Amino acid sequence: SNPNFVLLMADDLGIGDLGCYGNKTLRTPNIDRLAEEGVTLTQHIAASPLCTPSRAAFLTGRYPIRSGMASFSRVGVFLFSASSGGLPSEEITFSRLLKQRGYATALIGKWHLGMNCESSNDFCHHPLSHGFDYFYGLTVTNLRDCKPGQGSVFLKGVQKSLVIPMQIAGIALMSLAIVQYIGLFNIPFQALGYCMLITAISLAVLTFFFYHFRHLNCFLMRNHQIIQQPLSYENLTQRLTKEAVQFIERNTEAPFLLVLSYLHVHTALYASKNFRGKSKHGLYGDAVEEMDWSVGQVLDVLEKYNLSNKTLVYFTSDQGAHVEEISSSGEVHGGYNGIYKGGKSMNWEGGIRVPGLLCWPGVIQAGAYIDEPTSNMDIFPTIVKLAKAQLPSDRIIDGHDLMPLLQGKVTRSKHEFLFHYCNAYLNAVRWHPRNSESVWKVFFFTPNFSPEDSNGCYDDHVCFCHGGFITWHDPPLLFDLSRDPEEKVPLTPETESRFYEILRVIHLEVDNHSRSLHAVPDQLSWDNLLWKPWLQLCCSSFFQSCYCDYDSE
């Protein structure tokens with residue numbers, strides 16, 4: 001019979017946050033159980049260091065640049081529920097292929113891959129349009145702005161991008177009015193009035209949107225219906241876990257795919273009463289330990305119904321920990337990336353080397369460690385083949401079937417090269433030669449840390465991918481991760497005799513890769529990112545601040 005699949009994805013979890021990856025102070029016994037009873041991937045790579053593109057790659061087995069889910073602008077993820085961009089309907093997800101094979105499919109938790117295209121009810125990008133039978137969760141993401149008292153991710157950006165232009169516009173309008181009044185120029189009063197009206201309307205819309213951001217963007221859905229607007233954090237992990245457990249219980253006699261996509265540990269951080277204040281690492285540690293409890297509940301229900309030996313369980317994070325996350329009171333709200341440099345939004349190892357745990361008792365090795373380059377894109381071909389579905393033949397699939405590695409039938413990964421994109425820009429390339437233990441990594445550009453001697457871009461909250469935010473390198477920076485996993489000392493022609501030969505091979509492969517790319521609509525263009533009032537979902541009315549709560553009833 002076809003196996004079941006339980007795919008567990010954390011949000012912004014650092015590889016160093018788990019006991020099975022060396023953490024000695026956070027308690028993660030249930031996640032560690034997966035490592036003890038299964039395989040630990042020690043060089044498991046997210047296809048992107050940001051949520052939206054990483055999740056698109058995970059679901060499709062393809063680099064996000066191929067689907068238009070990689071941004072050419074500064075903003076690399078969806079921020080609003082009423083944006084028109086999202087995972088294109090032409091993309092084939094593993095959930096769609098498994099549904100065609102008769103699987104029951106569910107996504108519980110975070111989606112972050114769009115919702116509507118042209119109207120507020122077309123749901124073109126919604127999980128149910130991408131092969132999931134059931135959805136309970138958030139279509140966008142968890143943000144500080146969703147939880148009162150946790151600050152705003154937009155405040156700095158609004159101040160930098162809007163305050164000065166608004167001041168200039170205000171001064172210009174006042175100057176025009178004064179010039180008109182004293183008679184220096186004869187400006188048509190109607191034109192001046194229109195300018196002032198447009199400015200006033202723009203200010204009113206912006207003020208309304210950011211004042212009501214929580215109600216407009218932070219809501220919980222069941223399938224196509226909003227059931228809680230705004231989202232309540234009260235026992236939220238317990239509710240997500242209950243939904244996951246009930247889905248498994250409804251499908252004990254038929255094959256199922258469950259994607260449990262946690263909100264933990266993206267900010268705003270939260271933890272229920274049973275976990276708050278219990279860890280050694282503040283609210284962040286409380287959230288990690290609560291998520292571990294949830295993983296335990298899922299594993300327990302599989303055991304209860306004798307499904308453990310029929311189910312492949314996978315645990316990962318969409319990218320590395322967000323090292324710049326510090327609360328207004330100075331508490332560290334970001335995770336720990338172990339020995340690895342950088343974090344979320346960067347292609348240093350700390351941003352893309354993530355937990356990779358796979359457990360299937362009796363089928364794959366127990367307690368094994370695999371230090372070969374693997375990718376979150378590999379889940380697509382792995383589960384599609386296990387479900388006896390047909391891999392798409394009309395497109396490039398960048399992932400590779402993991403089962404030969406997991407079962408010990410081969411010792412080398414099929415990934416000789418991996419390409420690391422910063423949004424839509426090729427940032428770095430990893431090369432693991434067939435005849436060598438070395439893992440070469442080349443950087444064409446690197447982010448400018450701020451402050452310079454820090455481990456992140458604290459002044460901007462995240463690192464960006466272009467312009468004055470980066471430094472280009474000619475020749476590129478070269479590291480051998482097998483000897484320098486911390487990426488501390490770039491190699492030179494003096495310290496590595498094959499320096500130019502390595503660069504030559506990598507440049508040739510970049511050329512091959514570039515030729516495989518085709519122009520597709522940019523899902524993260526400014527037009528697709530911006531808030532569109534006509535796409536806004538509201539479960540009551542704007543006059544009632546779009547309030548409803550059917551989930552607590």
# chains A, B, ... in the order shown; residues from 1 in each chain; ligands from 1
call {"tool": "select_by_dssp", "arguments": {"residues": "stretch 46-172 of chain A", "states": "strand (DSSP E or B)", "output": "list in words"}}
result
Ala104, Thr105, Ala106, Leu107, Ile108, Gly109, Lys110, Tyr134, Phe135, Tyr136, Gly137 and Leu138 of chain A
call {"tool": "write_last_selection", "arguments": {"atoms": "C-alpha atoms", "output": "compact mmCIF listing (two decimals), in the first residue's frame"}}
result
# COMPACT_ATOMS: atom_id res chain seq x y z
CA ALA A 104 -6.29 12.82 1.34
CA THR A 105 -4.27 16.04 1.54
CA ALA A 106 -4.20 18.78 4.17
CA LEU A 107 -2.20 21.89 4.93
CA ILE A 108 -2.37 23.06 8.55
CA GLY A 109 -0.67 26.34 9.48
CA LYS A 110 1.22 28.85 7.36
CA TYR A 134 -8.31 20.78 3.51
CA PHE A 135 -6.75 23.98 4.82
CA TYR A 136 -6.69 25.43 8.32
CA GLY A 137 -4.28 28.28 8.90
CA LEU A 138 -2.90 31.61 7.68
call {"tool": "residues_around", "arguments": {"residues": "A:Thr93", "least_positions_apart": "6", "cutoff": "7 Å", "atoms": "only C-alpha atoms", "output": "VMD selection string"}}
result
chain A and resid 59 to 60 130
call {"tool": "closest_atom_pairs", "arguments": {"of": "stretch 213-280 of chain A", "to": "stretch 35-52 of chain A", "cutoff": "12 Å", "atoms": "only C-alpha atoms", "output": "tab-separated table"}}
result
residue	atom	partner	partner_atom	distance
A:Ser261	CA	A:Cys51	CA	11.4
A:Leu263	CA	A:Cys51	CA	11.5
A:His266	CA	A:Cys51	CA	10.1
call {"tool": "write_last_selection", "arguments": {"atoms": "N, CA and C atoms", "output": "PDB file, in the first residue's frame"}}
result
ATOM      1  N   SER A 261       2.585  23.136   8.939  1.00  0.00           N
ATOM      2  CA  SER A 261       3.500  24.262   8.738  1.00  0.00           C
ATOM      3  C   SER A 261       3.359  25.223   9.913  1.00  0.00           C
ATOM      4  N   LEU A 263       3.672  28.106  12.815  1.00  0.00           N
ATOM      5  CA  LEU A 263       3.959  29.534  12.903  1.00  0.00           C
ATOM      6  C   LEU A 263       5.211  29.769  13.744  1.00  0.00           C
ATOM      7  N   HIS A 266       8.680  32.146  14.026  1.00  0.00           N
ATOM      8  CA  HIS A 266       8.656  33.484  13.421  1.00  0.00           C
ATOM      9  C   HIS A 266       8.064  34.459  14.435  1.00  0.00           C
TER      10      HIS A 266
END
call {"tool": "atom_distance", "arguments": {"atom1": "atom CA of A:Asn376", "atom2": "atom CA of A:Val410"}}
result
18.9 Å
call {"tool": "closest_residue", "arguments": {"among": "A:Lys385, A:Arg144, A:His224, A:Arg504", "to": "A:Ser328", "atoms": "only C-alpha atoms"}}
result
A:Arg144
call {"tool": "residues_around", "arguments": {"residues": "A:Cys422", "least_positions_apart": "4", "cutoff": "9 Å", "atoms": "only C-alpha atoms", "output": "ChimeraX atom specification"}}
result
/A:48-50,70-71,76,345-347,426-428,464-466
call {"tool": "residues_around", "arguments": {"residues": "A:Ser279", "least_positions_apart": "2", "cutoff": "10 Å", "atoms": "only C-alpha atoms", "output": "PDB file with C-alpha atoms, in the first residue's frame"}}
result
ATOM      1  CA  THR A  25      19.860  23.786  26.796  1.00  0.00           C
ATOM      2  CA  LEU A  26      16.650  23.683  24.754  1.00  0.00           C
ATOM      3  CA  ARG A  27      14.470  20.623  25.347  1.00  0.00           C
ATOM      4  CA  PHE A 275       5.034  26.566  28.161  1.00  0.00           C
ATOM      5  CA  ARG A 276       5.441  30.270  28.886  1.00  0.00           C
ATOM      6  CA  GLY A 277       8.448  30.956  31.109  1.00  0.00           C
ATOM      7  CA  HIS A 281      15.896  30.939  26.487  1.00  0.00           C
ATOM      8  CA  GLY A 282      12.993  33.286  27.144  1.00  0.00           C
ATOM      9  CA  LEU A 283       9.947  33.419  24.922  1.00  0.00           C
ATOM     10  CA  TYR A 284      11.889  32.056  21.932  1.00  0.00           C
ATOM     11  CA  GLY A 285      12.846  28.932  23.864  1.00  0.00           C
ATOM     12  CA  ASP A 286       9.276  28.568  25.142  1.00  0.00           C
ATOM     13  CA  ALA A 287       8.031  28.616  21.543  1.00  0.00           C
ATOM     14  CA  VAL A 288      10.568  25.985  20.416  1.00  0.00           C
ATOM     15  CA  GLU A 289       9.612  23.682  23.286  1.00  0.00           C
ATOM     16  CA  GLU A 290       5.894  24.134  22.579  1.00  0.00           C
TER      17      GLU A 290
END
call {"tool": "closest_residue", "arguments": {"among": "A:Asp474, A:Glu494, A:Asp459, A:Asp32", "to": "A:Leu358", "atoms": "only C-alpha atoms"}}
result
A:Asp32
call {"tool": "residues_around", "arguments": {"residues": "A:Gly334", "least_positions_apart": "4", "cutoff": "9 Å", "atoms": "only C-alpha atoms", "output": "ChimeraX atom specification"}}
result
/A:12-14,265-267,284,321-326
call {"tool": "write_last_selection", "arguments": {"atoms": "N, CA and C atoms", "output": "PDB file, in the first residue's frame"}}
result
ATOM      1  N   ASP A  12      11.678  29.879  10.491  1.00  0.00           N
ATOM      2  CA  ASP A  12      12.829  30.625  11.046  1.00  0.00           C
ATOM      3  C   ASP A  12      13.532  29.890  12.176  1.00  0.00           C
ATOM      4  N   LEU A  13      13.501  28.581  12.187  1.00  0.00           N
ATOM      5  CA  LEU A  13      14.178  27.813  13.234  1.00  0.00           C
ATOM      6  C   LEU A  13      15.646  27.636  12.871  1.00  0.00           C
ATOM      7  N   GLY A  14      16.540  27.901  13.816  1.00  0.00           N
ATOM      8  CA  GLY A  14      17.960  27.710  13.587  1.00  0.00           C
ATOM      9  C   GLY A  14      18.357  26.252  13.721  1.00  0.00           C
ATOM     10  N   VAL A 265       9.006  29.532  14.665  1.00  0.00           N
ATOM     11  CA  VAL A 265       9.272  30.514  15.698  1.00  0.00           C
ATOM     12  C   VAL A 265       9.463  31.898  15.085  1.00  0.00           C
ATOM     13  N   HIS A 266       8.680  32.146  14.026  1.00  0.00           N
ATOM     14  CA  HIS A 266       8.656  33.484  13.421  1.00  0.00           C
ATOM     15  C   HIS A 266       8.064  34.459  14.435  1.00  0.00           C
ATOM     16  N   THR A 267       8.590  35.666  14.467  1.00  0.00           N
ATOM     17  CA  THR A 267       7.971  36.686  15.319  1.00  0.00           C
ATOM     18  C   THR A 267       6.686  37.177  14.650  1.00  0.00           C
ATOM     19  N   TYR A 284      11.477  32.846  23.094  1.00  0.00           N
ATOM     20  CA  TYR A 284      11.889  32.056  21.932  1.00  0.00           C
ATOM     21  C   TYR A 284      12.018  30.579  22.315  1.00  0.00           C
ATOM     22  N   ALA A 321      17.681  30.736  11.214  1.00  0.00           N
ATOM     23  CA  ALA A 321      17.149  31.651  12.227  1.00  0.00           C
ATOM     24  C   ALA A 321      17.363  33.103  11.823  1.00  0.00           C
ATOM     25  N   HIS A 322      16.433  33.941  12.241  1.00  0.00           N
ATOM     26  CA  HIS A 322      16.481  35.376  11.959  1.00  0.00           C
ATOM     27  C   HIS A 322      17.300  36.057  13.063  1.00  0.00           C
ATOM     28  N   VAL A 323      18.596  36.203  12.820  1.00  0.00           N
ATOM     29  CA  VAL A 323      19.505  36.636  13.886  1.00  0.00           C
ATOM     30  C   VAL A 323      19.269  38.083  14.312  1.00  0.00           C
ATOM     31  N   GLU A 324      18.672  38.896  13.421  1.00  0.00           N
ATOM     32  CA  GLU A 324      18.464  40.316  13.770  1.00  0.00           C
ATOM     33  C   GLU A 324      17.215  40.551  14.607  1.00  0.00           C
ATOM     34  N   GLU A 325      16.458  39.501  14.905  1.00  0.00           N
ATOM     35  CA  GLU A 325      15.208  39.676  15.641  1.00  0.00           C
ATOM     36  C   GLU A 325      15.478  39.943  17.122  1.00  0.00           C
ATOM     37  N   ILE A 326      15.319  41.193  17.528  1.00  0.00           N
ATOM     38  CA  ILE A 326      15.483  41.605  18.927  1.00  0.00           C
ATOM     39  C   ILE A 326      14.267  42.452  19.293  1.00  0.00           C
TER      40      ILE A 326
END
call {"tool": "atom_distance", "arguments": {"atom1": "atom CA of A:Arg498", "atom2": "atom CA of A:Leu477"}}
result
13.7 Å
call {"tool": "closest_residue", "arguments": {"among": "A:Ile379, A:Ala82, A:Leu312, A:Leu216", "to": "A:Gly362", "atoms": "only C-alpha atoms"}}
result
A:Leu312
call {"tool": "closest_residue", "arguments": {"among": "A:Ala56, A:Leu18, A:Cys538, A:Leu7", "to": "A:Pro355", "atoms": "only C-alpha atoms"}}
result
A:Leu18
call {"tool": "residues_around", "arguments": {"residues": "A:His507", "least_positions_apart": "3", "cutoff": "12 Å", "atoms": "only C-alpha atoms", "output": "PyMOL selection string"}}
result
chain A and resi 417+419+426+428-431+442-444+475-476+500-504+510-514
call {"tool": "write_last_selection", "arguments": {"atoms": "N, CA, C and O atoms", "output": "mmCIF file, in the first residue's frame"}}
result
data_model
loop_
_atom_site.group_PDB
_atom_site.id
_atom_site.type_symbol
_atom_site.label_atom_id
_atom_site.label_comp_id
_atom_site.auth_asym_id
_atom_site.auth_seq_id
_atom_site.Cartn_x
_atom_site.Cartn_y
_atom_site.Cartn_z
ATOM 1 N N PHE A 417 25.920 20.226 -8.007
ATOM 2 C CA PHE A 417 25.865 21.681 -7.883
ATOM 3 C C PHE A 417 24.538 22.091 -7.244
ATOM 4 O O PHE A 417 23.494 21.489 -7.516
ATOM 5 N N PHE A 419 22.488 25.925 -6.519
ATOM 6 C CA PHE A 419 22.546 27.361 -6.797
ATOM 7 C C PHE A 419 21.796 28.115 -5.707
ATOM 8 O O PHE A 419 20.640 27.799 -5.405
ATOM 9 N N LEU A 426 21.480 35.467 -8.593
ATOM 10 C CA LEU A 426 22.348 34.344 -8.260
ATOM 11 C C LEU A 426 23.482 34.841 -7.383
ATOM 12 O O LEU A 426 24.329 35.605 -7.809
ATOM 13 N N ALA A 428 25.376 32.681 -4.927
ATOM 14 C CA ALA A 428 26.456 31.740 -4.618
ATOM 15 C C ALA A 428 26.171 30.398 -5.284
ATOM 16 O O ALA A 428 25.036 30.107 -5.676
ATOM 17 N N VAL A 429 27.202 29.594 -5.416
ATOM 18 C CA VAL A 429 27.075 28.254 -5.988
ATOM 19 C C VAL A 429 27.881 27.281 -5.134
ATOM 20 O O VAL A 429 28.996 27.588 -4.710
ATOM 21 N N ARG A 430 27.302 26.109 -4.898
ATOM 22 C CA ARG A 430 27.961 25.032 -4.150
ATOM 23 C C ARG A 430 28.301 23.906 -5.125
ATOM 24 O O ARG A 430 27.460 23.502 -5.934
ATOM 25 N N TRP A 431 29.542 23.398 -5.037
ATOM 26 C CA TRP A 431 29.990 22.322 -5.925
ATOM 27 C C TRP A 431 30.631 21.216 -5.097
ATOM 28 O O TRP A 431 31.592 21.451 -4.371
ATOM 29 N N VAL A 442 31.170 29.246 -3.801
ATOM 30 C CA VAL A 442 31.617 30.510 -4.391
ATOM 31 C C VAL A 442 30.552 31.570 -4.156
ATOM 32 O O VAL A 442 29.356 31.315 -4.358
ATOM 33 N N PHE A 443 30.961 32.750 -3.709
ATOM 34 C CA PHE A 443 30.061 33.907 -3.555
ATOM 35 C C PHE A 443 30.409 34.959 -4.597
ATOM 36 O O PHE A 443 31.536 35.431 -4.656
ATOM 37 N N PHE A 444 29.406 35.352 -5.382
ATOM 38 C CA PHE A 444 29.599 36.452 -6.332
ATOM 39 C C PHE A 444 29.413 37.804 -5.647
ATOM 40 O O PHE A 444 30.021 38.791 -6.048
ATOM 41 N N PRO A 475 37.973 38.449 -8.077
ATOM 42 C CA PRO A 475 37.260 37.189 -8.305
ATOM 43 C C PRO A 475 36.305 36.879 -7.161
ATOM 44 O O PRO A 475 36.413 37.479 -6.082
ATOM 45 N N PRO A 476 35.369 35.958 -7.400
ATOM 46 C CA PRO A 476 34.423 35.594 -6.326
ATOM 47 C C PRO A 476 35.145 35.033 -5.101
ATOM 48 O O PRO A 476 36.260 34.529 -5.195
ATOM 49 N N TYR A 500 41.625 28.882 -9.693
ATOM 50 C CA TYR A 500 41.056 29.332 -10.965
ATOM 51 C C TYR A 500 40.355 28.195 -11.708
ATOM 52 O O TYR A 500 39.370 28.429 -12.432
ATOM 53 N N GLU A 501 40.816 26.975 -11.539
ATOM 54 C CA GLU A 501 40.153 25.834 -12.161
ATOM 55 C C GLU A 501 38.771 25.617 -11.544
ATOM 56 O O GLU A 501 37.793 25.333 -12.249
ATOM 57 N N ILE A 502 38.691 25.762 -10.219
ATOM 58 C CA ILE A 502 37.399 25.626 -9.532
ATOM 59 C C ILE A 502 36.425 26.702 -10.024
ATOM 60 O O ILE A 502 35.262 26.414 -10.332
ATOM 61 N N LEU A 503 36.893 27.932 -10.120
ATOM 62 C CA LEU A 503 36.042 29.020 -10.606
ATOM 63 C C LEU A 503 35.603 28.770 -12.051
ATOM 64 O O LEU A 503 34.451 29.039 -12.425
ATOM 65 N N ARG A 504 36.497 28.237 -12.871
ATOM 66 C CA ARG A 504 36.176 27.967 -14.270
ATOM 67 C C ARG A 504 35.041 26.942 -14.377
ATOM 68 O O ARG A 504 34.078 27.140 -15.134
ATOM 69 N N VAL A 510 27.236 27.584 -14.156
ATOM 70 C CA VAL A 510 26.314 28.724 -14.072
ATOM 71 C C VAL A 510 25.746 29.027 -15.460
ATOM 72 O O VAL A 510 24.544 29.291 -15.613
ATOM 73 N N ASP A 511 26.605 28.976 -16.481
ATOM 74 C CA ASP A 511 26.131 29.206 -17.849
ATOM 75 C C ASP A 511 25.085 28.164 -18.245
ATOM 76 O O ASP A 511 24.047 28.497 -18.839
ATOM 77 N N ASN A 512 25.348 26.889 -17.922
ATOM 78 C CA ASN A 512 24.388 25.821 -18.233
ATOM 79 C C ASN A 512 23.066 26.050 -17.507
ATOM 80 O O ASN A 512 21.980 25.894 -18.082
ATOM 81 N N HIS A 513 23.183 26.400 -16.241
ATOM 82 C CA HIS A 513 21.981 26.645 -15.437
ATOM 83 C C HIS A 513 21.193 27.828 -15.990
ATOM 84 O O HIS A 513 19.952 27.758 -16.123
ATOM 85 N N SER A 514 21.878 28.893 -16.340
ATOM 86 C CA SER A 514 21.203 30.095 -16.849
ATOM 87 C C SER A 514 20.444 29.803 -18.132
ATOM 88 O O SER A 514 19.355 30.345 -18.360
#
